[in-house]
Amino acid sequence: MPKRGIVLVAIAILLFLNLNSLSLAQTTSPNTIEKQIREELIRMEANVNSSTKLKVVKLAKVPHKNYYTALFKFRADSLNYLGEASFRKQDGEFKYVGELGYAINTLSESPLTVDNELYYMIYSENIGKKIKTIYVTSLNKQLEYSIHPGKEKYFVHYKKLPSNMREKDMYPVTVTCYDQDNKVIPSSKCVR
């Protein structure tokens, strides 16, 4: 009987330590990501300094890849920005890989190459969850699909493109948003 008690206590301690290390990893990752983003924004001279408040609001993983997009918010020059930065996870750490962009109150889209595969990435803030569907189509119809942002306030969506498609085949592109009643949202109001 005492052996069982010792084993149970040992298991409880191991579980506690394992759960604590997981929660520590979850809370330190955004801090390291935020630090790397801030450093890059300062390097880019984006009117950001070390005291600028910056917050990672979503971390999304490219399906089946070790590649992540961090959505972040910051305020500069009395304007609120939503941006994205690309990271690879190596040895449990997120490493910035040189892709960063930000905009004011817009639905943003861009091509993304991961391991020599082309993706179309679209991200935004869905304030009030008013966007039900987003329909994307290129002028030449080589890129055509719809996404449903769901109930989340922020979303990132990746569409893997056919291997014969190139970035130049994607543009020009039309992005149309529909509200919960399937009515078109004017492009100027698609996000805010």
# chains A, B, ... in the order shown; residues from 1 in each chain; ligands from 1
>>> residues_around(residues="Ile122 in chain A", least_positions_apart="3", cutoff="6 Å", atoms="only C-alpha atoms", output="list in words")
Ser108, Glu109, Val156 and His157 of chain A
>>> atom_distance(atom1="CA of Lys130 in chain A", atom2="CA of Arg75 in chain A")
23.7 Å
>>> residues_around(residues="Tyr135 in chain A", least_positions_apart="5", cutoff="12 Å", atoms="only C-alpha atoms", output="ChimeraX atom specification")
/A:122,143-149,173-179,182,184-185,187,190
>>> closest_residue(among="A:Lys55, A:Lys159, A:Lys132, A:His64", to="Glu34 in chain A", atoms="only C-alpha atoms")
A:Lys55
>>> select_by_dssp(residues="chain A", states="strand (DSSP E or B)", output="ChimeraX atom specification")
/A:54-61,67-76,79-90,93-103,108-114,117-125,131-138,144-147,154-160,173-179,184-185
>>> write_last_selection(atoms="C-alpha atoms", output="PDB file, in the first residue's frame")
ATOM      1  CA  LEU A  54       2.444  45.587 -29.352  1.00  0.00           C
ATOM      2  CA  LYS A  55       0.272  42.538 -28.815  1.00  0.00           C
ATOM      3  CA  VAL A  56       0.162  39.201 -30.618  1.00  0.00           C
ATOM      4  CA  VAL A  57      -3.555  38.476 -31.077  1.00  0.00           C
ATOM      5  CA  LYS A  58      -3.360  35.192 -33.010  1.00  0.00           C
ATOM      6  CA  LEU A  59      -0.787  32.583 -33.938  1.00  0.00           C
ATOM      7  CA  ALA A  60      -1.789  30.408 -36.913  1.00  0.00           C
ATOM      8  CA  LYS A  61       0.062  27.411 -38.354  1.00  0.00           C
ATOM      9  CA  TYR A  67       5.588  27.664 -40.369  1.00  0.00           C
ATOM     10  CA  TYR A  68       3.438  30.148 -38.445  1.00  0.00           C
ATOM     11  CA  THR A  69       1.823  33.533 -38.977  1.00  0.00           C
ATOM     12  CA  ALA A  70       1.562  35.807 -35.959  1.00  0.00           C
ATOM     13  CA  LEU A  71      -1.141  38.469 -36.190  1.00  0.00           C
ATOM     14  CA  PHE A  72      -0.269  41.483 -34.070  1.00  0.00           C
ATOM     15  CA  LYS A  73      -1.729  44.867 -33.183  1.00  0.00           C
ATOM     16  CA  PHE A  74       0.085  48.084 -32.398  1.00  0.00           C
ATOM     17  CA  ARG A  75      -0.545  51.806 -32.337  1.00  0.00           C
ATOM     18  CA  ALA A  76       1.725  54.365 -34.002  1.00  0.00           C
ATOM     19  CA  LEU A  79      -3.384  54.959 -35.808  1.00  0.00           C
ATOM     20  CA  ASN A  80      -4.199  51.323 -34.971  1.00  0.00           C
ATOM     21  CA  TYR A  81      -2.504  48.703 -37.124  1.00  0.00           C
ATOM     22  CA  LEU A  82      -3.031  44.984 -37.660  1.00  0.00           C
ATOM     23  CA  GLY A  83      -0.046  43.146 -39.036  1.00  0.00           C
ATOM     24  CA  GLU A  84       1.378  39.742 -39.762  1.00  0.00           C
ATOM     25  CA  ALA A  85       4.821  38.273 -39.314  1.00  0.00           C
ATOM     26  CA  SER A  86       6.131  34.865 -40.345  1.00  0.00           C
ATOM     27  CA  PHE A  87       7.939  32.440 -38.041  1.00  0.00           C
ATOM     28  CA  ARG A  88       9.388  28.948 -38.105  1.00  0.00           C
ATOM     29  CA  LYS A  89       9.391  26.853 -34.987  1.00  0.00           C
ATOM     30  CA  GLN A  90      12.832  25.326 -34.412  1.00  0.00           C
ATOM     31  CA  GLU A  93      11.516  28.407 -30.286  1.00  0.00           C
ATOM     32  CA  PHE A  94       9.849  30.722 -32.768  1.00  0.00           C
ATOM     33  CA  LYS A  95      12.335  32.312 -35.199  1.00  0.00           C
ATOM     34  CA  TYR A  96      11.340  35.286 -37.357  1.00  0.00           C
ATOM     35  CA  VAL A  97      11.883  34.451 -41.056  1.00  0.00           C
ATOM     36  CA  GLY A  98      11.728  37.840 -42.713  1.00  0.00           C
ATOM     37  CA  GLU A  99       8.104  38.286 -43.795  1.00  0.00           C
ATOM     38  CA  LEU A 100       6.241  41.166 -42.137  1.00  0.00           C
ATOM     39  CA  GLY A 101       3.439  43.507 -43.157  1.00  0.00           C
ATOM     40  CA  TYR A 102       0.822  45.715 -41.532  1.00  0.00           C
ATOM     41  CA  ALA A 103      -2.100  47.903 -42.517  1.00  0.00           C
ATOM     42  CA  SER A 108      -5.108  41.823 -46.113  1.00  0.00           C
ATOM     43  CA  GLU A 109      -4.027  39.158 -48.554  1.00  0.00           C
ATOM     44  CA  SER A 110      -0.722  38.074 -49.961  1.00  0.00           C
ATOM     45  CA  PRO A 111       1.118  35.173 -51.580  1.00  0.00           C
ATOM     46  CA  LEU A 112       3.240  33.079 -49.257  1.00  0.00           C
ATOM     47  CA  THR A 113       5.885  30.538 -50.244  1.00  0.00           C
ATOM     48  CA  VAL A 114       6.624  27.806 -47.709  1.00  0.00           C
ATOM     49  CA  GLU A 117       4.956  25.584 -52.165  1.00  0.00           C
ATOM     50  CA  LEU A 118       2.784  28.601 -52.946  1.00  0.00           C
ATOM     51  CA  TYR A 119      -0.093  29.600 -50.670  1.00  0.00           C
ATOM     52  CA  TYR A 120      -2.573  32.436 -50.779  1.00  0.00           C
ATOM     53  CA  MET A 121      -2.938  33.937 -47.302  1.00  0.00           C
ATOM     54  CA  ILE A 122      -5.783  36.184 -46.198  1.00  0.00           C
ATOM     55  CA  TYR A 123      -6.178  37.666 -42.717  1.00  0.00           C
ATOM     56  CA  SER A 124      -8.178  40.266 -40.862  1.00  0.00           C
ATOM     57  CA  GLU A 125     -10.079  41.251 -37.785  1.00  0.00           C
ATOM     58  CA  ILE A 131     -18.206  38.660 -42.060  1.00  0.00           C
ATOM     59  CA  LYS A 132     -19.798  35.306 -42.860  1.00  0.00           C
ATOM     60  CA  THR A 133     -18.099  34.470 -46.156  1.00  0.00           C
ATOM     61  CA  ILE A 134     -15.198  35.822 -48.182  1.00  0.00           C
ATOM     62  CA  TYR A 135     -15.073  34.988 -51.873  1.00  0.00           C
ATOM     63  CA  VAL A 136     -11.693  35.273 -53.625  1.00  0.00           C
ATOM     64  CA  THR A 137     -11.222  35.158 -57.381  1.00  0.00           C
ATOM     65  CA  SER A 138      -8.442  36.174 -59.743  1.00  0.00           C
ATOM     66  CA  GLU A 144     -11.245  30.948 -57.045  1.00  0.00           C
ATOM     67  CA  TYR A 145     -12.518  29.862 -53.635  1.00  0.00           C
ATOM     68  CA  SER A 146     -14.455  30.969 -50.574  1.00  0.00           C
ATOM     69  CA  ILE A 147     -13.654  30.962 -46.869  1.00  0.00           C
ATOM     70  CA  TYR A 154      -9.136  37.436 -35.847  1.00  0.00           C
ATOM     71  CA  PHE A 155      -8.609  34.953 -38.623  1.00  0.00           C
ATOM     72  CA  VAL A 156      -5.836  33.714 -40.901  1.00  0.00           C
ATOM     73  CA  HIS A 157      -6.650  31.467 -43.824  1.00  0.00           C
ATOM     74  CA  TYR A 158      -4.195  29.649 -46.090  1.00  0.00           C
ATOM     75  CA  LYS A 159      -5.054  28.229 -49.497  1.00  0.00           C
ATOM     76  CA  LYS A 160      -2.449  25.937 -51.017  1.00  0.00           C
ATOM     77  CA  VAL A 173      -7.572  39.466 -57.450  1.00  0.00           C
ATOM     78  CA  THR A 174     -11.050  40.417 -56.261  1.00  0.00           C
ATOM     79  CA  VAL A 175     -12.047  39.826 -52.646  1.00  0.00           C
ATOM     80  CA  THR A 176     -15.765  40.080 -51.865  1.00  0.00           C
ATOM     81  CA  CYS A 177     -17.149  39.912 -48.326  1.00  0.00           C
ATOM     82  CA  TYR A 178     -20.663  38.802 -47.410  1.00  0.00           C
ATOM     83  CA  ASP A 179     -22.428  39.488 -44.111  1.00  0.00           C
ATOM     84  CA  VAL A 184     -22.300  42.070 -50.039  1.00  0.00           C
ATOM     85  CA  ILE A 185     -20.308  44.213 -47.636  1.00  0.00           C
TER      86      ILE A 185
END
>>> atom_distance(atom1="CA of Val62 in chain A", atom2="CA of Gly92 in chain A")
16.5 Å
>>> closest_residue(among="A:Asp91, A:Asp115, A:Glu152, A:Asp77", to="Ala46 in chain A", atoms="only C-alpha atoms")
A:Asp77
>>> decode(residues="range 38-52 of chain A", atoms="all heavy atoms", output="short mmCIF file (atom, residue, chain, number, x, y, z; two decimals), in the first residue's frame")
data_model
loop_
_atom_site.label_atom_id
_atom_site.label_comp_id
_atom_site.auth_asym_id
_atom_site.auth_seq_id
_atom_site.Cartn_x
_atom_site.Cartn_y
_atom_site.Cartn_z
N ARG A 38 8.73 43.62 -32.72
CA ARG A 38 9.07 45.01 -32.36
C ARG A 38 10.44 45.38 -32.92
O ARG A 38 10.63 46.45 -33.51
CB ARG A 38 9.04 45.21 -30.85
CG ARG A 38 9.34 46.66 -30.44
CD ARG A 38 9.23 46.90 -28.94
NE ARG A 38 7.85 46.89 -28.52
CZ ARG A 38 7.24 45.88 -27.89
NH1 ARG A 38 7.92 44.79 -27.59
NH2 ARG A 38 5.98 45.96 -27.55
N GLU A 39 11.41 44.49 -32.77
CA GLU A 39 12.76 44.75 -33.29
C GLU A 39 12.73 44.97 -34.81
O GLU A 39 13.40 45.85 -35.33
CB GLU A 39 13.70 43.61 -32.92
CG GLU A 39 14.07 43.58 -31.46
CD GLU A 39 14.82 42.32 -31.05
OE1 GLU A 39 15.02 41.41 -31.89
OE2 GLU A 39 15.21 42.25 -29.86
N GLU A 40 11.93 44.16 -35.51
CA GLU A 40 11.85 44.30 -36.97
C GLU A 40 11.15 45.60 -37.35
O GLU A 40 11.56 46.29 -38.28
CB GLU A 40 11.12 43.09 -37.58
CG GLU A 40 11.04 43.13 -39.08
CD GLU A 40 12.38 43.17 -39.81
OE1 GLU A 40 13.43 42.84 -39.21
OE2 GLU A 40 12.38 43.54 -41.00
N LEU A 41 10.09 45.97 -36.64
CA LEU A 41 9.39 47.23 -36.92
C LEU A 41 10.32 48.43 -36.67
O LEU A 41 10.32 49.39 -37.44
CB LEU A 41 8.13 47.36 -36.07
CG LEU A 41 6.96 46.45 -36.47
CD1 LEU A 41 5.88 46.48 -35.41
CD2 LEU A 41 6.40 46.86 -37.83
N ILE A 42 11.12 48.36 -35.63
CA ILE A 42 12.09 49.44 -35.34
C ILE A 42 13.11 49.49 -36.47
O ILE A 42 13.45 50.56 -36.97
CB ILE A 42 12.76 49.22 -33.97
CG1 ILE A 42 11.74 49.46 -32.86
CG2 ILE A 42 13.98 50.14 -33.80
CD1 ILE A 42 12.21 49.04 -31.47
N ARG A 43 13.60 48.33 -36.91
CA ARG A 43 14.56 48.27 -38.01
C ARG A 43 13.97 48.87 -39.29
O ARG A 43 14.65 49.53 -40.05
CB ARG A 43 15.01 46.82 -38.25
CG ARG A 43 16.18 46.70 -39.21
CD ARG A 43 16.43 45.27 -39.64
NE ARG A 43 15.40 44.72 -40.49
CZ ARG A 43 15.17 45.09 -41.77
NH1 ARG A 43 15.90 46.01 -42.33
NH2 ARG A 43 14.22 44.52 -42.47
N MET A 44 12.68 48.63 -39.51
CA MET A 44 12.00 49.14 -40.70
C MET A 44 11.65 50.64 -40.58
O MET A 44 11.12 51.21 -41.52
CB MET A 44 10.68 48.38 -40.94
CG MET A 44 10.85 46.94 -41.32
SD MET A 44 9.27 46.01 -41.31
CE MET A 44 8.27 46.93 -42.44
N GLU A 45 11.92 51.21 -39.41
CA GLU A 45 11.58 52.61 -39.13
C GLU A 45 10.09 52.86 -39.31
O GLU A 45 9.65 53.78 -39.98
CB GLU A 45 12.41 53.55 -40.00
CG GLU A 45 13.89 53.41 -39.75
CD GLU A 45 14.72 54.31 -40.66
OE1 GLU A 45 14.17 55.12 -41.41
OE2 GLU A 45 15.95 54.17 -40.58
N ALA A 46 9.27 52.04 -38.67
CA ALA A 46 7.82 52.11 -38.78
C ALA A 46 7.21 52.98 -37.67
O ALA A 46 6.10 52.72 -37.23
CB ALA A 46 7.23 50.71 -38.73
N ASN A 47 7.94 54.01 -37.23
CA ASN A 47 7.48 54.88 -36.14
C ASN A 47 7.14 54.09 -34.89
O ASN A 47 6.17 54.36 -34.20
CB ASN A 47 6.30 55.75 -36.58
CG ASN A 47 6.70 56.75 -37.63
OD1 ASN A 47 7.83 57.24 -37.63
ND2 ASN A 47 5.80 57.06 -38.53
N VAL A 48 7.93 53.07 -34.63
CA VAL A 48 7.78 52.21 -33.47
C VAL A 48 9.07 52.31 -32.68
O VAL A 48 10.16 52.37 -33.24
CB VAL A 48 7.53 50.75 -33.91
CG1 VAL A 48 7.60 49.81 -32.74
CG2 VAL A 48 6.20 50.65 -34.62
N ASN A 49 8.94 52.34 -31.35
CA ASN A 49 10.14 52.31 -30.51
C ASN A 49 9.96 51.24 -29.44
O ASN A 49 8.94 50.53 -29.43
CB ASN A 49 10.43 53.69 -29.91
CG ASN A 49 9.30 54.20 -29.05
OD1 ASN A 49 8.71 53.45 -28.28
ND2 ASN A 49 8.98 55.48 -29.19
N SER A 50 10.92 51.12 -28.57
CA SER A 50 10.90 50.04 -27.58
C SER A 50 9.74 50.15 -26.60
O SER A 50 9.36 49.17 -25.97
CB SER A 50 12.22 49.98 -26.82
OG SER A 50 12.44 51.21 -26.17
N SER A 51 9.12 51.33 -26.47
CA SER A 51 8.00 51.47 -25.55
C SER A 51 6.64 51.31 -26.24
O SER A 51 5.60 51.33 -25.58
CB SER A 51 8.06 52.84 -24.87
OG SER A 51 7.87 53.87 -25.82
N THR A 52 6.63 51.13 -27.55
CA THR A 52 5.37 50.95 -28.28
C THR A 52 4.69 49.66 -27.83
O THR A 52 5.32 48.61 -27.81
CB THR A 52 5.62 50.90 -29.80
OG1 THR A 52 6.25 52.10 -30.21
CG2 THR A 52 4.32 50.71 -30.57
#
